[in-house]
$ cat run-v7.txt   # compact mmCIF, C-alpha atoms
# COMPACT_ATOMS: atom_id res chain seq x y z
CA MET A 1 171.85 80.73 79.68
CA ASN A 2 168.67 80.56 81.70
CA VAL A 3 166.97 77.28 82.47
CA GLU A 4 163.21 77.66 82.70
CA SER A 5 162.03 74.29 84.00
CA ALA A 6 162.97 71.03 85.68
CA ASP A 7 162.56 69.17 82.37
CA GLN A 8 165.07 71.47 80.75
CA ALA A 9 167.51 71.10 83.68
CA ARG A 10 167.31 67.31 83.44
CA GLN A 11 168.59 67.39 79.88
CA ASP A 12 172.03 68.47 81.11
CA PRO A 13 173.29 65.97 83.73
CA GLU A 14 176.12 68.23 84.92
CA TYR A 15 173.79 71.18 85.37
CA ARG A 16 171.26 69.01 87.15
CA LYS A 17 173.92 67.62 89.52
CA ALA A 18 175.13 71.07 90.54
CA LEU A 19 171.56 72.33 90.96
CA VAL A 20 170.55 69.37 93.14
CA GLU A 21 173.52 70.00 95.43
CA LEU A 22 172.51 73.66 95.81
CA LEU A 23 168.86 72.86 96.52
CA TYR A 24 169.84 70.42 99.28
CA GLN A 25 171.85 73.16 100.99
CA LEU A 26 168.88 75.54 100.89
CA ALA A 27 166.32 72.94 101.98
CA ASP A 28 168.41 71.49 104.79
CA ASP A 29 169.30 74.87 106.34
CA GLU A 30 165.65 75.90 106.45
CA LEU A 31 164.39 72.52 107.66
CA CYS A 32 166.85 72.31 110.57
CA LEU A 33 166.32 75.84 111.77
CA GLY A 34 162.55 75.61 111.26
CA HIS A 35 162.52 72.52 113.46
CA ARG A 36 164.59 74.26 116.14
CA ASP A 37 162.18 77.23 116.02
CA SER A 38 159.24 74.92 116.60
CA GLU A 39 160.85 73.72 119.83
CA TRP A 40 159.94 77.08 121.42
CA LEU A 41 156.25 76.37 120.97
CA GLY A 42 154.59 76.89 124.34
CA VAL A 43 157.80 77.69 126.25
CA ALA A 44 159.05 81.04 124.88
CA PRO A 45 159.58 83.81 127.48
CA ASP A 46 156.43 85.67 126.42
CA ILE A 47 153.32 84.99 124.37
CA GLU A 48 154.45 87.27 121.54
CA GLY A 49 157.75 85.43 121.22
CA ASP A 50 155.89 82.14 121.29
CA VAL A 51 153.50 83.15 118.50
CA ALA A 52 156.40 84.62 116.51
CA PHE A 53 158.52 81.45 116.62
CA SER A 54 155.53 79.29 115.71
CA SER A 55 154.93 81.46 112.67
CA ILE A 56 158.61 81.64 111.75
CA ALA A 57 158.93 77.85 112.10
CA GLN A 58 156.00 77.39 109.74
CA ASP A 59 157.57 79.77 107.21
CA GLU A 60 161.01 78.09 107.37
CA VAL A 61 159.62 74.59 107.02
CA GLY A 62 157.42 75.85 104.18
CA HIS A 63 160.50 77.21 102.42
CA ALA A 64 162.24 73.87 102.94
CA VAL A 65 159.25 72.14 101.32
CA PHE A 66 159.50 74.53 98.36
CA HIS A 67 163.11 73.44 97.76
CA LEU A 68 162.32 69.75 98.37
CA GLU A 69 159.54 69.96 95.76
CA ARG A 70 162.00 71.44 93.26
CA LEU A 71 164.29 68.46 94.02
CA HIS A 72 161.45 66.02 93.46
CA GLU A 73 160.74 67.64 90.06
CA LEU A 74 164.37 66.95 89.21
CA GLY A 75 163.94 63.25 89.89
CA GLU A 76 164.90 63.05 93.58
CA PRO A 77 162.61 61.13 96.00
CA ASP A 78 159.41 62.73 97.32
CA PRO A 79 159.64 65.64 99.81
CA ASP A 80 158.51 63.66 102.87
CA PHE A 81 161.10 60.98 102.24
CA LEU A 82 163.81 63.61 101.76
CA ALA A 83 162.84 65.46 104.93
CA PHE A 84 162.49 62.46 107.21
CA SER A 85 164.44 59.52 105.82
CA ARG A 86 167.82 60.83 104.80
CA GLY A 87 170.66 60.13 107.21
CA PRO A 88 172.95 62.84 108.63
CA THR A 89 175.77 62.32 106.11
CA GLU A 90 173.35 63.02 103.25
CA ARG A 91 172.37 66.39 104.72
CA ARG A 92 173.92 69.62 103.45
CA ASN A 93 172.93 72.17 106.11
CA ALA A 94 175.54 74.23 107.91
CA VAL A 95 176.41 72.76 111.32
CA LEU A 96 175.36 76.03 112.99
CA VAL A 97 171.65 75.43 112.35
CA GLU A 98 171.59 71.83 113.63
CA ARG A 99 172.81 72.85 117.10
CA PRO A 100 170.24 72.91 119.91
CA ASN A 101 168.69 76.30 120.63
CA GLY A 102 170.55 76.93 123.88
CA ASP A 103 169.08 79.72 125.98
CA TRP A 104 166.93 82.55 124.62
CA ALA A 105 169.91 84.81 123.88
CA GLN A 106 171.65 82.08 121.90
CA THR A 107 168.45 81.28 120.01
CA ILE A 108 167.97 84.92 119.08
CA LEU A 109 171.57 85.59 118.13
CA ARG A 110 171.98 82.49 115.98
CA HIS A 111 168.70 83.14 114.20
CA PHE A 112 169.58 86.77 113.58
CA LEU A 113 172.99 85.90 112.12
CA TYR A 114 171.36 83.20 109.97
CA ASP A 115 168.56 85.46 108.78
CA VAL A 116 170.97 88.12 107.55
CA PHE A 117 172.92 85.38 105.76
CA ASP A 118 169.71 83.91 104.35
CA ASP A 119 168.72 87.30 102.95
CA VAL A 120 172.13 87.92 101.40
CA ARG A 121 172.09 84.43 99.88
CA ALA A 122 168.53 84.84 98.59
CA GLU A 123 169.45 88.19 97.07
CA SER A 124 172.39 86.58 95.27
CA LEU A 125 170.09 83.87 93.90
CA LEU A 126 167.63 86.32 92.32
CA ALA A 127 169.84 86.20 89.23
CA SER A 128 170.30 82.40 89.29
CA SER A 129 170.18 80.74 85.90
CA TYR A 130 167.57 78.33 87.29
CA ARG A 131 164.46 80.49 86.98
CA PRO A 132 162.11 78.42 89.18
CA LEU A 133 164.61 78.93 92.02
CA ALA A 134 165.10 82.64 91.32
CA GLN A 135 161.33 83.19 91.29
CA GLY A 136 160.87 81.27 94.53
CA MET A 137 163.60 83.31 96.22
CA ALA A 138 161.89 86.56 95.21
CA LYS A 139 158.74 85.37 96.93
CA ILE A 140 160.50 83.91 99.99
CA ARG A 141 162.45 87.14 100.58
CA ARG A 142 159.20 89.03 101.01
CA GLU A 143 158.35 86.73 103.91
CA GLU A 144 161.81 86.60 105.46
CA TYR A 145 161.71 90.40 105.73
CA TYR A 146 159.53 90.03 108.83
CA HIS A 147 161.81 87.45 110.45
CA LEU A 148 164.74 89.80 110.12
CA LEU A 149 162.80 92.74 111.60
CA HIS A 150 161.77 90.61 114.57
CA LEU A 151 165.19 89.09 115.26
CA LYS A 152 167.00 92.40 114.90
CA MET A 153 164.61 93.98 117.40
CA TRP A 154 165.36 91.17 119.87
CA VAL A 155 169.16 91.38 119.51
CA ILE A 156 169.05 95.09 120.27
CA ARG A 157 166.58 94.61 123.10
CA LEU A 158 168.78 92.01 124.80
CA ALA A 159 171.95 94.03 124.26
CA GLN A 160 170.48 97.25 125.57
CA GLY A 161 168.70 95.47 128.42
CA GLY A 162 172.01 95.22 130.26
CA GLY A 163 172.54 92.91 133.23
CA GLU A 164 171.89 89.23 132.70
CA ALA A 165 170.37 89.74 129.21
CA ARG A 166 173.51 91.37 127.91
CA ARG A 167 175.82 88.96 129.68
CA ARG A 168 174.01 86.01 128.10
CA LEU A 169 174.05 87.63 124.66
CA GLU A 170 177.82 88.14 124.88
CA GLN A 171 178.22 84.55 126.04
CA ALA A 172 176.08 83.41 123.08
CA LEU A 173 178.26 85.38 120.68
CA ALA A 174 181.37 83.59 121.94
CA GLU A 175 179.64 80.24 121.58
CA VAL A 176 178.11 80.54 118.11
CA TRP A 177 180.82 82.53 116.32
CA PRO A 178 183.23 79.59 115.67
CA GLU A 179 180.50 77.86 113.60
CA VAL A 180 179.00 80.81 111.74
CA GLY A 181 181.59 80.52 108.94
CA GLY A 182 180.07 77.25 107.76
CA LEU A 183 177.00 79.10 106.46
CA PHE A 184 178.85 80.76 103.61
CA SER A 185 180.23 77.65 101.98
CA TRP A 186 178.63 76.62 98.67
CA GLY A 187 180.11 73.16 99.18
CA GLU A 188 182.59 71.24 97.06
CA GLY A 189 180.74 72.14 93.85
CA GLU A 190 181.19 75.91 94.11
CA ALA A 191 183.14 76.15 90.85
CA GLU A 192 180.44 74.18 89.03
CA LEU A 193 177.68 76.33 90.52
CA LEU A 194 179.46 79.45 89.29
CA ARG A 195 180.18 77.97 85.88
CA HIS A 196 176.50 77.17 85.33
CA GLY A 197 175.36 80.57 86.57
CA LEU A 198 173.39 78.88 89.33
CA ILE A 199 175.04 81.24 91.81
CA GLN A 200 176.49 84.65 91.08
CA CYS A 201 178.91 85.20 93.92
CA ARG A 202 181.59 83.17 95.65
CA SER A 203 181.42 82.21 99.31
CA ASP A 204 184.00 84.80 100.44
CA GLU A 205 182.03 87.53 98.67
CA LEU A 206 178.87 86.26 100.37
CA MET A 207 180.57 86.51 103.76
CA HIS A 208 181.73 90.06 103.12
CA ARG A 209 178.25 91.17 102.08
CA TRP A 210 176.89 89.56 105.24
CA ALA A 211 179.48 91.26 107.45
CA GLU A 212 178.60 94.66 105.99
CA ARG A 213 174.99 94.09 107.01
CA VAL A 214 175.71 92.70 110.49
CA LYS A 215 178.30 95.28 111.60
CA PRO A 216 175.94 98.30 111.81
CA ILE A 217 173.55 96.30 114.00
CA PHE A 218 176.41 95.22 116.27
CA ARG A 219 177.32 98.91 116.55
CA GLU A 220 173.76 99.81 117.46
CA ALA A 221 173.73 97.02 120.04
CA GLU A 222 177.22 98.05 121.23
CA LEU A 223 178.50 94.53 120.69
CA LEU A 224 182.14 94.06 119.90
CA TRP A 225 182.70 92.88 116.31
CA PRO A 226 184.80 89.70 116.65
CA GLY A 227 186.25 89.89 113.12
CA LEU A 228 185.19 87.69 110.21
CA PRO A 229 184.12 84.20 111.34
CA PRO A 230 186.84 81.51 111.07
CA GLN A 231 186.59 78.35 108.97
CA PRO A 232 184.58 75.87 111.05
CA GLU A 233 185.93 72.46 112.00
CA LEU A 234 183.09 70.54 110.36
CA GLN A 235 181.92 71.16 106.80
CA GLY A 236 178.17 70.67 106.95
CA ARG A 237 177.88 71.31 103.21
CA SER A 238 180.02 68.20 102.67
CA GLY A 239 177.91 66.05 104.96
CA GLU A 240 180.04 66.45 108.11
CA HIS A 241 177.71 66.81 111.08
CA THR A 242 177.40 66.40 114.83
CA GLN A 243 175.39 64.03 116.98
CA ASP A 244 172.94 66.93 117.39
CA LEU A 245 171.75 66.47 113.80
CA ALA A 246 171.19 62.74 114.27
CA GLU A 247 169.06 63.53 117.30
CA LEU A 248 167.19 66.30 115.49
CA ILE A 249 166.32 63.94 112.63
CA ARG A 250 165.21 61.25 115.07
CA THR A 251 162.87 63.64 116.88
CA MET A 252 161.55 65.25 113.71
CA SER A 253 160.80 61.95 112.01
CA GLU A 254 159.43 60.05 114.99
CA VAL A 255 155.82 60.07 113.76
CA TYR A 256 156.75 59.54 110.09
CA SER A 257 158.99 56.59 110.92
CA SER A 258 156.22 54.87 112.89
CA ASP A 259 154.45 54.25 109.55
CA PRO A 260 156.19 55.69 106.46
CA ALA A 261 153.40 54.48 104.16
CA ALA A 262 150.61 56.25 106.05
CA ARG A 263 148.66 59.01 104.31
CA TRP A 264 147.96 62.06 106.45
CA MET B 1 144.67 88.48 87.04
CA TRP B 2 141.00 87.86 87.51
CA GLU B 3 139.91 90.70 85.25
CA MET B 4 141.19 88.66 82.33
CA MET B 5 139.53 85.47 83.48
CA ALA B 6 136.51 84.19 81.59
CA PRO B 7 133.33 84.82 83.62
CA VAL B 8 132.56 81.11 83.83
CA TRP B 9 135.81 80.40 85.70
CA ARG B 10 135.55 83.50 87.82
CA GLU B 11 132.07 82.54 88.92
CA ALA B 12 133.10 79.00 89.85
CA LEU B 13 136.29 80.08 91.62
CA GLN B 14 134.37 82.75 93.53
CA GLU B 15 132.94 79.75 95.42
CA VAL B 16 136.39 78.63 96.61
CA LYS B 17 136.86 80.35 99.96
CA ASP B 18 139.78 80.94 102.27
CA PRO B 19 139.42 78.07 104.77
CA GLU B 20 139.89 80.52 107.65
CA ILE B 21 137.73 83.37 106.34
CA PRO B 22 134.65 81.70 104.85
CA ASP B 23 133.36 84.90 103.25
CA LEU B 24 136.50 85.61 101.26
CA SER B 25 137.21 83.86 97.96
CA ILE B 26 140.57 83.06 96.42
CA VAL B 27 139.58 85.33 93.53
CA GLU B 28 139.15 88.26 95.93
CA LEU B 29 142.45 87.39 97.59
CA GLY B 30 144.14 87.69 94.20
CA MET B 31 145.45 84.11 94.33
CA VAL B 32 144.21 83.03 90.91
CA ASN B 33 146.88 83.79 88.39
CA ARG B 34 145.58 82.19 85.21
CA VAL B 35 142.92 79.77 83.99
CA THR B 36 143.19 78.10 80.60
CA GLU B 37 141.07 75.42 78.99
CA GLU B 38 141.53 73.03 76.13
CA ALA B 39 139.01 70.36 75.16
CA GLY B 40 137.51 70.14 78.64
CA GLU B 41 140.86 70.13 80.44
CA VAL B 42 141.26 73.12 82.71
CA GLN B 43 144.62 74.36 84.01
CA VAL B 44 144.55 76.67 87.02
CA GLU B 45 147.58 78.59 88.23
CA ILE B 46 147.36 79.59 91.89
CA THR B 47 149.87 81.92 93.49
CA PRO B 48 150.23 81.14 97.23
CA THR B 49 149.92 84.03 99.68
CA PHE B 50 152.69 82.46 101.80
CA VAL B 51 154.96 79.69 100.51
CA GLY B 52 154.39 77.57 103.62
CA CYS B 53 150.66 78.21 103.93
CA PRO B 54 149.12 74.95 105.22
CA ALA B 55 145.78 75.74 103.54
CA LEU B 56 147.15 75.24 100.01
CA ASP B 57 146.23 71.57 99.63
CA LEU B 58 142.75 72.27 100.91
CA ILE B 59 142.36 75.12 98.43
CA ALA B 60 143.64 73.02 95.51
CA GLY B 61 141.13 70.28 96.35
CA ASP B 62 138.34 72.82 96.51
CA VAL B 63 139.33 74.33 93.16
CA ARG B 64 139.18 70.90 91.53
CA GLU B 65 135.80 70.17 93.08
CA LYS B 66 134.19 73.47 92.07
CA LEU B 67 135.55 73.49 88.52
CA THR B 68 134.63 69.87 87.85
CA GLN B 69 131.03 70.92 88.40
CA VAL B 70 131.22 73.35 85.48
CA LYS B 71 129.53 71.94 82.36
CA GLY B 72 131.97 70.55 79.82
CA VAL B 73 134.92 70.24 82.20
CA SER B 74 136.40 66.74 82.28
CA ARG B 75 139.67 67.32 84.11
CA VAL B 76 141.16 70.02 86.34
CA ARG B 77 144.85 70.54 87.02
CA VAL B 78 146.00 72.92 89.72
CA SER B 79 149.55 74.21 89.88
CA PHE B 80 151.19 76.64 92.29
CA VAL B 81 153.30 79.36 90.71
CA MET B 82 155.74 81.86 92.20
CA ASP B 83 155.90 84.16 89.22
CA PRO B 84 154.49 86.71 89.54
CA PRO B 85 154.80 86.49 93.32
CA TRP B 86 151.67 87.11 95.36
CA THR B 87 151.72 90.48 97.05
CA SER B 88 149.09 92.07 99.29
CA GLU B 89 148.42 94.55 96.47
CA ARG B 90 146.63 91.72 94.65
CA ILE B 91 143.68 91.69 97.06
CA THR B 92 140.67 93.20 95.27
CA PRO B 93 138.62 96.12 96.70
CA GLU B 94 135.81 93.64 97.48
CA GLY B 95 138.34 91.41 99.22
CA ARG B 96 139.62 94.29 101.34
CA GLU B 97 136.09 95.17 102.39
CA LYS B 98 135.33 91.55 103.37
CA LEU B 99 138.52 91.27 105.40
CA LYS B 100 137.55 94.38 107.33
CA ASN B 101 134.02 93.07 107.96
CA PHE B 102 135.58 89.89 109.29
CA GLY B 103 137.60 91.97 111.79
CA ILE B 104 140.94 91.71 109.98
CA ALA B 105 142.42 94.99 108.81
CA PRO B 106 143.36 94.91 105.12
CA PRO B 107 147.11 95.50 104.54
CA ARG B 108 148.56 98.94 104.05
CA SER B 109 151.26 99.57 101.49
CA ARG B 110 154.74 98.86 102.76
CA GLY B 111 156.41 102.25 103.04
CA GLU B 112 159.91 103.49 103.76
CA ASP B 113 159.76 102.98 107.51
CA PRO B 114 159.52 99.22 108.10
CA MET B 115 157.46 99.67 111.24
CA ASP B 116 155.04 102.13 109.69
CA PHE B 117 152.46 99.72 108.44
CA VAL B 118 149.81 99.82 111.15
CA PRO B 119 146.51 99.74 109.29
CA GLU B 120 143.29 101.50 110.26
CA CYS B 121 141.44 99.78 113.08
CA PRO B 122 138.77 97.54 111.48
CA PHE B 123 136.40 98.27 114.40
CA CYS B 124 136.47 102.08 114.79
CA GLY B 125 138.48 103.19 111.75
CA ALA B 126 141.08 105.10 113.80
CA GLU B 127 144.65 105.44 112.56
CA GLY B 128 147.84 105.62 114.61
CA GLY B 129 147.66 102.26 116.34
CA GLU B 130 150.72 100.28 117.33
CA VAL B 131 152.31 96.95 116.49
CA LEU B 132 151.73 94.41 119.28
CA ASN B 133 153.32 91.50 117.41
CA LEU B 134 154.65 91.24 113.87
CA PHE B 135 153.40 87.66 113.94
CA GLY B 136 149.87 86.44 114.50
CA PRO B 137 147.61 83.41 114.38
CA THR B 138 148.54 82.69 110.75
CA ALA B 139 151.68 83.43 108.75
CA CYS B 140 149.96 86.25 106.85
CA ARG B 141 148.73 88.26 109.84
CA SER B 142 150.15 90.59 112.49
CA ILE B 143 148.57 91.82 115.72
CA PHE B 144 148.02 95.53 116.36
CA TYR B 145 146.50 97.66 119.11
CA CYS B 146 144.06 100.51 118.57
CA ARG B 147 144.74 103.46 120.87
CA ASN B 148 141.31 104.91 120.16
CA CYS B 149 138.95 102.03 120.96
CA HIS B 150 141.53 100.21 123.11
CA GLN B 151 141.15 96.91 121.28
CA PRO B 152 143.78 94.61 119.92
CA PHE B 153 143.08 93.70 116.30
CA GLU B 154 144.50 91.51 113.56
CA GLY B 155 145.70 92.79 110.23
CA MET B 156 147.17 91.25 107.12
CA LYS B 157 150.88 91.82 106.66
CA PRO B 158 151.83 93.91 103.68
CA ILE B 159 154.13 91.71 101.61

$ encode --input "run-v7.txt" --output "structure tokens"
Amino acid sequence: MNVESADQARQDPEYRKALVELLYQLADDELCLGHRDSEWLGVAPDIEGDVAFSSIAQDEVGHAVFHLERLHELGEPDPDFLAFSRGPTERRNAVLVERPNGDWAQTILRHFLYDVFDDVRAESLLASSYRPLAQGMAKIRREEYYHLLHLKMWVIRLAQGGGEARRRLEQALAEVWPEVGGLFSWGEGEAELLRHGLIQCRSDELMHRWAERVKPIFREAELLWPGLPPQPELQGRSGEHTQDLAELIRTMSEVYSSDPAARW
Amino acid sequence: MWEMMAPVWREALQEVKDPEIPDLSIVELGMVNRVTEEAGEVQVEITPTFVGCPALDLIAGDVREKLTQVKGVSRVRVSFVMDPPWTSERITPEGREKLKNFGIAPPRSRGEDPMDFVPECPFCGAEGGEVLNLFGPTACRSIFYCRNCHQPFEGMKPI
């Protein structure tokens, strides 16, 4: 059964609980990566890359705000509070996206792998029983299309560039792969999410769809496919995180924390 | 869509401009989804061009200000809706013309080939330019290069 509004969702506490958990995963992934993207402002290797990451950062943070607003409608605190004042254990992003950018190759590769995942996840949410979410995902996908084009172009450019570019890309692949698997988890409430029709496919199915999309691009880039990503050590979707997230939150909320009551 | 909007609302909302392109109204951009009124209370549904567009709050404030000036209006409520999603097809013919006059190429339709969306150059009208950067000064624009008049130019992304 479809749920058309936040008011309707709030009438069923179990439904609301599962939905809130899902929205935190979506918001926290986008907020972390959007913040990491913004760190390239002014220091990317070329002006085009600089402009691109500024724009992508703005999009990702905007998408995070969309999800945080949906949470607020469901009775959670206001979006600024959720973005800046929650501690690491309350966050539901995958550990992969909280990690520092690393070098350019690692930045590009992580973002590419995430963007394919993000698209596969968004596609699977188009049929979500929570219509405000499904409608938002339809809109967000139209924007993410450009991120994916850009990141795919860069992966192939680095791979085909040979020399140091290729060496660094291969190094990046070895470094990020052990944590990629954490993206696909729907968290401890997966069964509930499925039962309520909030999601339509299980995490293993999500990973397979993702792999089918990534493999052809690895072939084009002549990168060796390392096999499906392993289960990561830390479950970000359950609130397990690294010191990197604590530092990210501290940096991101520095201005907000100086005066949380200020109006901007 | 604005065709179905009562002239009184259309006229007032025509005065709400894109903060970055002062000639272009939100009506011409196709951002106004629906306007309803009941006993002096007006509800306006706006569909954002980009979800994270930082101009949205400014636009909402402007909508409230302009509509409050209409006779008989006591209260204005603005909401942002995602359904139907905004697409570049929603820009009106007048809107496309104003974009071009401002030096921003109006968006082409998104075709089969993802990279085949270079619009006509807004300065000389030539086709066959190239993509310089998928991303530009705002989320909704890309940067192109015209091979005919040898100028870089901005264009709105087809979405």

$ interface_residues --input "run-v7.txt" --of "chain B" --to "chain A" --cutoff "7 Å" --atoms "all atoms listed in the file" --output "CSV table (one decimal) with C-alpha atoms, in the frame of the given file"
chain,number,residue,atom,x,y,z
B,51,VAL,CA,155.0,79.7,100.5
B,52,GLY,CA,154.4,77.6,103.6
B,82,MET,CA,155.7,81.9,92.2
B,83,ASP,CA,155.9,84.2,89.2
B,85,PRO,CA,154.8,86.5,93.3
B,133,ASN,CA,153.3,91.5,117.4
B,135,PHE,CA,153.4,87.7,113.9
B,136,GLY,CA,149.9,86.4,114.5
B,138,THR,CA,148.5,82.7,110.8
B,139,ALA,CA,151.7,83.4,108.8
B,159,ILE,CA,154.1,91.7,101.6

$ closest_residue --input "run-v7.txt" --among "A:Ala27, A:Leu223, A:Val95, A:Val3" --to "Ala159 (chain A)" --atoms "all atoms listed in the file"
A:Leu223

$ atom_distance --input "run-v7.txt" --atom1 "CA of Leu71 (chain A)" --atom2 "CA of Val116 (chain A)"
24.8 Å

$ residues_around --input "run-v7.txt" --residues "Glu97 (chain B)" --least-positions-apart "6" --cutoff "10 Å" --atoms "only C-alpha atoms" --output "list in words"
Leu24, Glu28, Ile91, Ile104, Ala105, Pro106 and Pro122 of chain B

$ residues_around --input "run-v7.txt" --residues "Glu175 (chain A)" --least-positions-apart "5" --cutoff "10 Å" --atoms "all atoms listed in the file" --output "list in words"
Gly102, Gln106, Arg110, Leu169, Glu170 and Val180 of chain A

$ closest_residue --input "run-v7.txt" --among "A:Val255, A:Arg202, A:Ile156, A:Cys32" --to "Arg219 (chain A)" --atoms "only C-alpha atoms"
A:Ile156

$ residues_around --input "run-v7.txt" --residues "region 8-14 of chain A" --least-positions-apart "5" --cutoff "9 Å" --atoms "only C-alpha atoms" --output "PDB file with C-alpha atoms, in the coordinates of the input"
ATOM      1  CA  VAL A   3     166.970  77.280  82.470  1.00  0.00           C
ATOM      2  CA  LEU A  19     171.560  72.330  90.960  1.00  0.00           C
ATOM      3  CA  LEU A  74     164.370  66.950  89.210  1.00  0.00           C
ATOM      4  CA  GLY A  75     163.940  63.250  89.890  1.00  0.00           C
ATOM      5  CA  TYR A 130     167.570  78.330  87.290  1.00  0.00           C
ATOM      6  CA  GLU A 192     180.440  74.180  89.030  1.00  0.00           C
ATOM      7  CA  HIS A 196     176.500  77.170  85.330  1.00  0.00           C
TER       8      HIS A 196
END
